[in-house]
>>> print(open('entry_2.pdb').read())   # PDB, C-alpha atoms
ATOM      1  CA  MET A 184     -13.040  10.997  -8.107  1.00  0.00           C
ATOM      2  CA  ASP A 185     -14.679   8.657 -10.589  1.00  0.00           C
ATOM      3  CA  THR A 186     -14.492   4.870 -10.540  1.00  0.00           C
ATOM      4  CA  THR A 187     -15.619   2.211 -12.998  1.00  0.00           C
ATOM      5  CA  PRO A 188     -16.406  -1.466 -12.471  1.00  0.00           C
ATOM      6  CA  ASP A 189     -14.382  -2.312 -15.572  1.00  0.00           C
ATOM      7  CA  PHE A 190     -11.220  -1.046 -13.831  1.00  0.00           C
ATOM      8  CA  PRO A 191     -11.597  -1.663 -10.090  1.00  0.00           C
ATOM      9  CA  THR A 192      -8.082  -0.416  -9.216  1.00  0.00           C
ATOM     10  CA  LEU A 193      -8.498   2.871 -11.131  1.00  0.00           C
ATOM     11  CA  ARG A 194      -9.404   6.247  -9.652  1.00  0.00           C
ATOM     12  CA  ILE A 195      -9.992   9.079 -12.137  1.00  0.00           C
ATOM     13  CA  VAL A 196      -9.526  12.593 -10.743  1.00  0.00           C
ATOM     14  CA  SER A 197     -12.360  14.433 -12.443  1.00  0.00           C
ATOM     15  CA  HIS A 198     -11.975  17.827 -10.736  1.00  0.00           C
ATOM     16  CA  PRO A 199     -12.696  20.620 -13.253  1.00  0.00           C
ATOM     17  CA  LEU A 200      -9.281  22.255 -12.733  1.00  0.00           C
ATOM     18  CA  VAL A 201      -7.519  18.968 -13.461  1.00  0.00           C
ATOM     19  CA  GLN A 202      -9.581  18.325 -16.570  1.00  0.00           C
ATOM     20  CA  HIS A 203      -8.997  21.866 -17.877  1.00  0.00           C
ATOM     21  CA  LYS A 204      -5.237  21.636 -17.371  1.00  0.00           C
ATOM     22  CA  VAL A 205      -5.016  18.205 -19.015  1.00  0.00           C
ATOM     23  CA  THR A 206      -6.738  19.593 -22.101  1.00  0.00           C
ATOM     24  CA  VAL A 207      -4.133  22.359 -22.386  1.00  0.00           C
ATOM     25  CA  LEU A 208      -1.402  19.784 -21.725  1.00  0.00           C
ATOM     26  CA  ARG A 209      -2.540  17.688 -24.690  1.00  0.00           C
ATOM     27  CA  ASP A 210      -2.252  20.573 -27.155  1.00  0.00           C
ATOM     28  CA  ARG A 211       0.755  20.065 -29.424  1.00  0.00           C
ATOM     29  CA  ALA A 212       1.242  23.853 -29.462  1.00  0.00           C
ATOM     30  CA  THR A 213       1.775  24.057 -25.677  1.00  0.00           C
ATOM     31  CA  PRO A 214       5.433  25.127 -25.179  1.00  0.00           C
ATOM     32  CA  THR A 215       7.887  23.309 -22.917  1.00  0.00           C
ATOM     33  CA  LYS A 216       7.751  25.917 -20.120  1.00  0.00           C
ATOM     34  CA  GLN A 217       3.971  25.779 -19.890  1.00  0.00           C
ATOM     35  CA  PHE A 218       3.964  21.989 -20.233  1.00  0.00           C
ATOM     36  CA  LYS A 219       6.271  21.701 -17.199  1.00  0.00           C
ATOM     37  CA  GLU A 220       4.109  24.084 -15.196  1.00  0.00           C
ATOM     38  CA  LEU A 221       0.948  22.159 -16.043  1.00  0.00           C
ATOM     39  CA  VAL A 222       2.445  18.778 -15.112  1.00  0.00           C
ATOM     40  CA  ASP A 223       3.538  20.273 -11.799  1.00  0.00           C
ATOM     41  CA  GLU A 224       0.098  21.757 -11.095  1.00  0.00           C
ATOM     42  CA  ILE A 225      -1.837  18.646 -12.092  1.00  0.00           C
ATOM     43  CA  ALA A 226       0.411  16.438  -9.953  1.00  0.00           C
ATOM     44  CA  MET A 227      -0.280  18.619  -6.909  1.00  0.00           C
ATOM     45  CA  LEU A 228      -4.035  18.573  -7.475  1.00  0.00           C
ATOM     46  CA  MET A 229      -4.025  14.807  -7.979  1.00  0.00           C
ATOM     47  CA  ALA A 230      -1.951  14.254  -4.838  1.00  0.00           C
ATOM     48  CA  TYR A 231      -4.598  16.130  -2.863  1.00  0.00           C
ATOM     49  CA  GLU A 232      -7.136  13.518  -3.979  1.00  0.00           C
ATOM     50  CA  ALA A 233      -4.782  10.539  -3.625  1.00  0.00           C
ATOM     51  CA  THR A 234      -3.969  11.395   0.000  1.00  0.00           C
ATOM     52  CA  ALA A 235      -7.601  11.779   1.066  1.00  0.00           C
ATOM     53  CA  ASP A 236      -7.753   8.457   2.923  1.00  0.00           C
ATOM     54  CA  LEU A 237      -4.351   8.438   4.634  1.00  0.00           C
ATOM     55  CA  PRO A 238      -4.747   7.423   8.298  1.00  0.00           C
ATOM     56  CA  LEU A 239      -4.537  10.093  10.994  1.00  0.00           C
ATOM     57  CA  GLU A 240      -3.472   9.951  14.644  1.00  0.00           C
ATOM     58  CA  PRO A 241      -4.022  12.422  17.506  1.00  0.00           C
ATOM     59  CA  VAL A 242      -1.201  14.749  18.517  1.00  0.00           C
ATOM     60  CA  GLY A 243      -0.931  17.392  21.215  1.00  0.00           C
ATOM     61  CA  VAL A 244      -0.192  20.961  20.146  1.00  0.00           C
ATOM     62  CA  ASP A 245       0.218  24.236  22.049  1.00  0.00           C
ATOM     63  CA  THR A 246      -1.575  27.118  20.366  1.00  0.00           C
ATOM     64  CA  PRO A 247      -0.828  30.722  21.419  1.00  0.00           C
ATOM     65  CA  LEU A 248      -3.793  30.432  23.793  1.00  0.00           C
ATOM     66  CA  GLU A 249      -4.002  26.847  25.079  1.00  0.00           C
ATOM     67  CA  HIS A 250      -3.077  23.216  24.656  1.00  0.00           C
ATOM     68  CA  THR A 251      -5.279  21.233  22.280  1.00  0.00           C
ATOM     69  CA  THR A 252      -5.353  17.994  20.343  1.00  0.00           C
ATOM     70  CA  GLY A 253      -4.931  17.970  16.578  1.00  0.00           C
ATOM     71  CA  ARG A 254      -4.461  15.212  14.030  1.00  0.00           C
ATOM     72  CA  GLN A 255      -1.468  14.295  11.905  1.00  0.00           C
ATOM     73  CA  ILE A 256      -0.734  11.640   9.321  1.00  0.00           C
ATOM     74  CA  ALA A 257      -0.016   8.388  11.129  1.00  0.00           C
ATOM     75  CA  GLY A 258       3.223   6.470  10.741  1.00  0.00           C
ATOM     76  CA  LYS A 259       6.057   7.345   8.391  1.00  0.00           C
ATOM     77  CA  LYS A 260       6.066  10.228   5.971  1.00  0.00           C
ATOM     78  CA  LEU A 261       5.255   9.635   2.327  1.00  0.00           C
ATOM     79  CA  THR A 262       7.949   8.648  -0.133  1.00  0.00           C
ATOM     80  CA  LEU A 263       7.736   9.909  -3.710  1.00  0.00           C
ATOM     81  CA  VAL A 264       9.357   7.762  -6.366  1.00  0.00           C
ATOM     82  CA  PRO A 265       9.450   9.170  -9.898  1.00  0.00           C
ATOM     83  CA  ILE A 266      10.141   6.771 -12.747  1.00  0.00           C
ATOM     84  CA  LEU A 267      12.985   8.457 -14.608  1.00  0.00           C
ATOM     85  CA  ARG A 268      12.939  10.608 -16.506  1.00  0.00           C
ATOM     86  CA  ALA A 269       9.411  11.858 -17.127  1.00  0.00           C
ATOM     87  CA  GLY A 270       8.303  11.179 -13.559  1.00  0.00           C
ATOM     88  CA  LEU A 271      10.632  13.929 -12.373  1.00  0.00           C
ATOM     89  CA  GLY A 272       8.162  16.482 -13.707  1.00  0.00           C
ATOM     90  CA  MET A 273       5.590  15.413 -11.101  1.00  0.00           C
ATOM     91  CA  VAL A 274       7.816  15.446  -8.016  1.00  0.00           C
ATOM     92  CA  GLU A 275       7.806  19.134  -7.093  1.00  0.00           C
ATOM     93  CA  GLY A 276       4.033  19.445  -7.347  1.00  0.00           C
ATOM     94  CA  VAL A 277       3.450  16.574  -4.923  1.00  0.00           C
ATOM     95  CA  ALA A 278       6.336  17.647  -2.655  1.00  0.00           C
ATOM     96  CA  ARG A 279       4.849  21.138  -2.402  1.00  0.00           C
ATOM     97  CA  LEU A 280       1.748  19.539  -0.908  1.00  0.00           C
ATOM     98  CA  VAL A 281       3.738  17.153   1.330  1.00  0.00           C
ATOM     99  CA  PRO A 282       7.079  18.918   1.939  1.00  0.00           C
ATOM    100  CA  GLY A 283       8.269  16.295   4.418  1.00  0.00           C
ATOM    101  CA  ALA A 284       8.146  13.484   1.872  1.00  0.00           C
ATOM    102  CA  ARG A 285      11.315  11.552   1.089  1.00  0.00           C
ATOM    103  CA  ILE A 286      12.203  11.130  -2.583  1.00  0.00           C
ATOM    104  CA  GLY A 287      13.532   7.964  -4.198  1.00  0.00           C
ATOM    105  CA  HIS A 288      14.242   7.235  -7.870  1.00  0.00           C
ATOM    106  CA  ILE A 289      13.660   4.354 -10.243  1.00  0.00           C
ATOM    107  CA  GLY A 290      15.347   4.353 -13.649  1.00  0.00           C
ATOM    108  CA  LEU A 291      13.430   2.445 -16.305  1.00  0.00           C
ATOM    109  CA  TYR A 292      13.184   2.875 -20.036  1.00  0.00           C
ATOM    110  CA  ARG A 293      11.034   1.113 -22.567  1.00  0.00           C
ATOM    111  CA  ASP A 294      12.732  -0.852 -25.326  1.00  0.00           C
ATOM    112  CA  HIS A 295      11.176   0.492 -28.521  1.00  0.00           C
ATOM    113  CA  ASP A 296      11.305  -2.934 -30.209  1.00  0.00           C
ATOM    114  CA  THR A 297       9.935  -5.175 -27.441  1.00  0.00           C
ATOM    115  CA  LEU A 298       8.040  -2.413 -25.549  1.00  0.00           C
ATOM    116  CA  GLU A 299       9.312  -4.061 -22.342  1.00  0.00           C
ATOM    117  CA  PRO A 300      10.990  -2.123 -19.488  1.00  0.00           C
ATOM    118  CA  VAL A 301      14.740  -2.126 -18.896  1.00  0.00           C
ATOM    119  CA  ASP A 302      15.882  -1.350 -15.333  1.00  0.00           C
ATOM    120  CA  TYR A 303      19.031   0.774 -14.884  1.00  0.00           C
ATOM    121  CA  TYR A 304      18.701   2.582 -11.505  1.00  0.00           C
ATOM    122  CA  PHE A 305      16.973   2.029  -8.133  1.00  0.00           C
ATOM    123  CA  LYS A 306      17.307   4.049  -4.909  1.00  0.00           C
ATOM    124  CA  VAL A 307      14.702   4.356  -2.123  1.00  0.00           C
ATOM    125  CA  PRO A 308      14.881   4.790   1.686  1.00  0.00           C
ATOM    126  CA  SER A 309      16.141   1.699   3.500  1.00  0.00           C
ATOM    127  CA  ASP A 310      13.045   1.412   5.730  1.00  0.00           C
ATOM    128  CA  ALA A 311      10.710   0.788   2.805  1.00  0.00           C
ATOM    129  CA  ALA A 312       8.493  -1.610   4.754  1.00  0.00           C
ATOM    130  CA  GLU A 313       7.424   1.226   7.055  1.00  0.00           C
ATOM    131  CA  ARG A 314       6.617   3.761   4.352  1.00  0.00           C
ATOM    132  CA  ASP A 315       3.797   4.745   1.990  1.00  0.00           C
ATOM    133  CA  PHE A 316       4.987   5.122  -1.599  1.00  0.00           C
ATOM    134  CA  PHE A 317       3.639   7.259  -4.407  1.00  0.00           C
ATOM    135  CA  LEU A 318       5.064   6.040  -7.713  1.00  0.00           C
ATOM    136  CA  LEU A 319       5.027   8.865 -10.273  1.00  0.00           C
ATOM    137  CA  ASP A 320       4.961   8.727 -14.069  1.00  0.00           C
ATOM    138  CA  PRO A 321       2.946  10.979 -16.411  1.00  0.00           C
ATOM    139  CA  MET A 322       1.977   8.050 -18.652  1.00  0.00           C
ATOM    140  CA  LEU A 323       0.612   4.565 -17.977  1.00  0.00           C
ATOM    141  CA  ALA A 324       0.841   3.059 -21.453  1.00  0.00           C
ATOM    142  CA  THR A 325       1.577  -0.666 -21.786  1.00  0.00           C
ATOM    143  CA  GLY A 326       1.937  -0.997 -18.019  1.00  0.00           C
ATOM    144  CA  GLY A 327       5.273  -2.788 -18.339  1.00  0.00           C
ATOM    145  CA  SER A 328       7.382  -0.084 -16.710  1.00  0.00           C
ATOM    146  CA  ALA A 329       4.814   0.536 -13.980  1.00  0.00           C
ATOM    147  CA  ALA A 330       4.561  -3.171 -13.121  1.00  0.00           C
ATOM    148  CA  ALA A 331       8.356  -3.494 -13.094  1.00  0.00           C
ATOM    149  CA  ALA A 332       8.722  -0.443 -10.850  1.00  0.00           C
ATOM    150  CA  VAL A 333       6.145  -1.771  -8.387  1.00  0.00           C
ATOM    151  CA  SER A 334       7.924  -5.135  -8.346  1.00  0.00           C
ATOM    152  CA  SER A 335      11.212  -3.368  -7.542  1.00  0.00           C
ATOM    153  CA  LEU A 336       9.589  -1.491  -4.666  1.00  0.00           C
ATOM    154  CA  LYS A 337       8.070  -4.672  -3.280  1.00  0.00           C
ATOM    155  CA  ARG A 338      11.432  -6.442  -3.428  1.00  0.00           C
ATOM    156  CA  ALA A 339      12.791  -3.573  -1.313  1.00  0.00           C
ATOM    157  CA  GLY A 340      10.064  -4.253   1.271  1.00  0.00           C
ATOM    158  CA  ALA A 341       7.356  -1.784   0.273  1.00  0.00           C
ATOM    159  CA  SER A 342       3.770  -2.916   0.724  1.00  0.00           C
ATOM    160  CA  ARG A 343       1.759   0.331   0.510  1.00  0.00           C
ATOM    161  CA  ILE A 344       2.110   1.681  -3.023  1.00  0.00           C
ATOM    162  CA  ARG A 345      -0.031   3.979  -5.153  1.00  0.00           C
ATOM    163  CA  PHE A 346       0.590   4.891  -8.756  1.00  0.00           C
ATOM    164  CA  LEU A 347      -0.052   8.465  -9.957  1.00  0.00           C
ATOM    165  CA  CYS A 348      -0.140   9.309 -13.651  1.00  0.00           C
ATOM    166  CA  LEU A 349      -1.701  11.975 -15.845  1.00  0.00           C
ATOM    167  CA  VAL A 350      -3.134   9.800 -18.605  1.00  0.00           C
ATOM    168  CA  ALA A 351      -3.571   6.040 -18.779  1.00  0.00           C
ATOM    169  CA  ALA A 352      -4.406   3.513 -21.472  1.00  0.00           C
ATOM    170  CA  PRO A 353      -6.845   0.670 -20.711  1.00  0.00           C
ATOM    171  CA  GLU A 354      -4.129  -1.843 -21.602  1.00  0.00           C
ATOM    172  CA  GLY A 355      -1.774  -0.418 -18.992  1.00  0.00           C
ATOM    173  CA  VAL A 356      -4.398  -0.270 -16.254  1.00  0.00           C
ATOM    174  CA  ARG A 357      -5.334  -3.900 -16.906  1.00  0.00           C
ATOM    175  CA  ARG A 358      -1.720  -5.099 -16.934  1.00  0.00           C
ATOM    176  CA  LEU A 359      -0.828  -3.331 -13.699  1.00  0.00           C
ATOM    177  CA  ALA A 360      -3.999  -4.615 -12.028  1.00  0.00           C
ATOM    178  CA  ALA A 361      -3.281  -8.168 -13.162  1.00  0.00           C
ATOM    179  CA  THR A 362       0.297  -8.025 -11.870  1.00  0.00           C
ATOM    180  CA  HIS A 363      -0.319  -5.952  -8.732  1.00  0.00           C
ATOM    181  CA  PRO A 364      -4.023  -5.916  -7.823  1.00  0.00           C
ATOM    182  CA  ASP A 365      -3.219  -4.205  -4.505  1.00  0.00           C
ATOM    183  CA  VAL A 366      -1.935  -1.021  -6.169  1.00  0.00           C
ATOM    184  CA  LEU A 367      -4.448   1.758  -6.802  1.00  0.00           C
ATOM    185  CA  VAL A 368      -3.937   3.893  -9.906  1.00  0.00           C
ATOM    186  CA  TYR A 369      -4.821   7.598  -9.868  1.00  0.00           C
ATOM    187  CA  CYS A 370      -5.056   9.340 -13.243  1.00  0.00           C
ATOM    188  CA  ALA A 371      -6.571  12.458 -14.757  1.00  0.00           C
ATOM    189  CA  SER A 372      -7.809  10.666 -17.878  1.00  0.00           C
ATOM    190  CA  LEU A 373      -8.408   7.121 -19.049  1.00  0.00           C
ATOM    191  CA  ASP A 374      -7.615   7.444 -22.746  1.00  0.00           C
ATOM    192  CA  ARG A 375      -8.904   5.321 -25.631  1.00  0.00           C
ATOM    193  CA  GLU A 376      -6.128   2.904 -26.559  1.00  0.00           C
ATOM    194  CA  LEU A 377      -2.494   2.322 -27.543  1.00  0.00           C
ATOM    195  CA  ASN A 378      -1.276   2.608 -31.119  1.00  0.00           C
ATOM    196  CA  GLU A 379       1.056   0.089 -32.751  1.00  0.00           C
ATOM    197  CA  GLN A 380       4.093   1.890 -31.324  1.00  0.00           C
ATOM    198  CA  GLY A 381       2.730   1.691 -27.792  1.00  0.00           C
ATOM    199  CA  TYR A 382       1.803   5.370 -27.513  1.00  0.00           C
ATOM    200  CA  ILE A 383      -1.419   6.417 -25.786  1.00  0.00           C
ATOM    201  CA  LEU A 384      -4.220   7.787 -27.989  1.00  0.00           C
ATOM    202  CA  PRO A 385      -5.191  10.600 -27.878  1.00  0.00           C
ATOM    203  CA  GLY A 386      -2.461  10.988 -25.268  1.00  0.00           C
ATOM    204  CA  LEU A 387       0.104  13.728 -24.774  1.00  0.00           C
ATOM    205  CA  GLY A 388       2.830  12.569 -27.120  1.00  0.00           C
ATOM    206  CA  ASP A 389       6.155  11.723 -25.447  1.00  0.00           C
ATOM    207  CA  ALA A 390       5.876  13.335 -21.995  1.00  0.00           C
ATOM    208  CA  GLY A 391       9.629  13.159 -21.357  1.00  0.00           C
ATOM    209  CA  ASP A 392      10.501  14.893 -24.618  1.00  0.00           C
ATOM    210  CA  ARG A 393       7.877  17.565 -24.024  1.00  0.00           C
ATOM    211  CA  LEU A 394       9.025  18.151 -20.437  1.00  0.00           C
ATOM    212  CA  PHE A 395      12.687  18.479 -21.243  1.00  0.00           C
ATOM    213  CA  GLY A 396      12.531  20.014 -24.719  1.00  0.00           C
ATOM    214  CA  THR A 397      14.062  17.050 -26.541  1.00  0.00           C
ATOM    215  CA  ARG A 398      11.312  16.547 -29.085  1.00  0.00           C
TER     216      ARG A 398
END
>>> encode(input="entry_2.pdb", output="structure tokens")
Amino acid sequence: MDTTPDFPTLRIVSHPLVQHKVTVLRDRATPTKQFKELVDEIAMLMAYEATADLPLEPVGVDTPLEHTTGRQIAGKKLTLVPILRAGLGMVEGVARLVPGARIGHIGLYRDHDTLEPVDYYFKVPSDAAERDFFLLDPMLATGGSAAAAVSSLKRAGASRIRFLCLVAAPEGVRRLAATHPDVLVYCASLDRELNEQGYILPGLGDAGDRLFGTR
């Protein structure tokens, strides 16, 4: 992973497979079926990197030949929380890597006039204080929805939160870091900027529309 002093909370997953798949994802000619498959694959590859420093604890295990000591992830299982609706496209890829993960949901949409998030749904496990959360959304644009989602998780008791996205704008990374400096952001690409409508450039277009064929 790459880091930069300009964005201390940002981790860029620079693996060649991730970078190749993001390039195909950007292409306006990529059809919905392939777009979904790519989001799924990239999310799984990114989760592999984002889980690299999870704490481990010893555990006894009986092999077919003898008893030995292995290691397992310490504490509670991971909880995946997609920001509806585009975040849903990332869930299965991460869950395939961590099949025991619980799944919550946060419903937020961005007001196209104010560019601020509007909250309409929130459901996570009740023991949030004991869990590690991966917040999922393909895009980190203005950072408003991400910051609002993290705030909602913290109000529910969560304290260990990571944000996974495919592409991010500098404005969004800065806003999330200013609001929640304890939350690391994992992305496949730090893009150039936002346009006047709040879309990431060069970006992917509207990830939700491309995932669900509503463009």
>>> closest_residue(input="entry_2.pdb", among="A:Arg209, A:Leu267, A:Leu221, A:Ala235", to="Ile383 in chain A", atoms="all atoms listed in the file")
A:Arg209
>>> atom_distance(input="entry_2.pdb", atom1="CA of Arg194 in chain A", atom2="CA of Gly381 in chain A")
22.3 Å
>>> closest_residue(input="entry_2.pdb", among="A:Ala330, A:Leu318, A:Ala226, A:Ala212", to="Leu280 in chain A", atoms="all atoms listed in the file")
A:Ala226
>>> closest_residue(input="entry_2.pdb", among="A:Leu323, A:Ala311, A:Val301, A:Ala332", to="His288 in chain A", atoms="all atoms listed in the file")
A:Ala332
>>> closest_atom_pairs(input="entry_2.pdb", of="range 305-327 of chain A", to="range 342-353 of chain A", cutoff="6 Å", atoms="only C-alpha atoms", output="CSV")
residue,atom,partner,partner_atom,distance
A:Asp315,CA,A:Arg343,CA,5.1
A:Phe316,CA,A:Ile344,CA,4.7
A:Phe317,CA,A:Arg345,CA,5.0
A:Leu318,CA,A:Phe346,CA,4.7
A:Leu319,CA,A:Leu347,CA,5.1
A:Asp320,CA,A:Cys348,CA,5.2
A:Pro321,CA,A:Cys348,CA,4.5
A:Met322,CA,A:Val350,CA,5.4
A:Leu323,CA,A:Ala351,CA,4.5
A:Ala324,CA,A:Ala352,CA,5.3
>>> closest_residue(input="entry_2.pdb", among="A:Leu359, A:Glu299, A:Ile266, A:Val307", to="Ile286 in chain A", atoms="all atoms listed in the file")
A:Val307
>>> resolve_selection(input="entry_2.pdb", expression="the PyMOL selection byres ((chain A and resi 291) around 10)", output="VMD selection string")
chain A and resid 266 to 268 288 to 290 292 to 294 299 to 305 327 to 329 331 to 332
>>> write_last_selection(input="entry_2.pdb", atoms="C-alpha atoms", output="short mmCIF file (atom, residue, chain, number, x, y, z; two decimals), in the frame of the given file")
data_model
loop_
_atom_site.label_atom_id
_atom_site.label_comp_id
_atom_site.auth_asym_id
_atom_site.auth_seq_id
_atom_site.Cartn_x
_atom_site.Cartn_y
_atom_site.Cartn_z
CA ILE A 266 10.14 6.77 -12.75
CA LEU A 267 12.98 8.46 -14.61
CA ARG A 268 12.94 10.61 -16.51
CA HIS A 288 14.24 7.24 -7.87
CA ILE A 289 13.66 4.35 -10.24
CA GLY A 290 15.35 4.35 -13.65
CA TYR A 292 13.18 2.88 -20.04
CA ARG A 293 11.03 1.11 -22.57
CA ASP A 294 12.73 -0.85 -25.33
CA GLU A 299 9.31 -4.06 -22.34
CA PRO A 300 10.99 -2.12 -19.49
CA VAL A 301 14.74 -2.13 -18.90
CA ASP A 302 15.88 -1.35 -15.33
CA TYR A 303 19.03 0.77 -14.88
CA TYR A 304 18.70 2.58 -11.50
CA PHE A 305 16.97 2.03 -8.13
CA GLY A 327 5.27 -2.79 -18.34
CA SER A 328 7.38 -0.08 -16.71
CA ALA A 329 4.81 0.54 -13.98
CA ALA A 331 8.36 -3.49 -13.09
CA ALA A 332 8.72 -0.44 -10.85
#
>>> resolve_selection(input="entry_2.pdb", expression="the PyMOL selection byres ((chain A and resi 208) around 9)", output="PyMOL selection string")
chain A and resi 203-207+209-211+213+217-218+221-222+387
>>> axis_aligned_box(input="entry_2.pdb", around="range 248-260 of chain A", padding_each_side="6 Å", output="lines of an AutoDock Vina configuration file")
center_x = 0.4
center_y = 18.5
center_z = 15.5
size_x = 23.4
size_y = 36.0
size_z = 31.1
>>> resolve_selection(input="entry_2.pdb", expression="the PyMOL selection byres ((chain A and resi 392) around 12)", output="list in words")
Pro214, Thr215, Phe218, Lys219, Arg268, Ala269, Gly270, Gly272, Pro321, Leu387, Gly388, Asp389, Ala390, Gly391, Arg393, Leu394, Phe395, Gly396, Thr397 and Arg398 of chain A
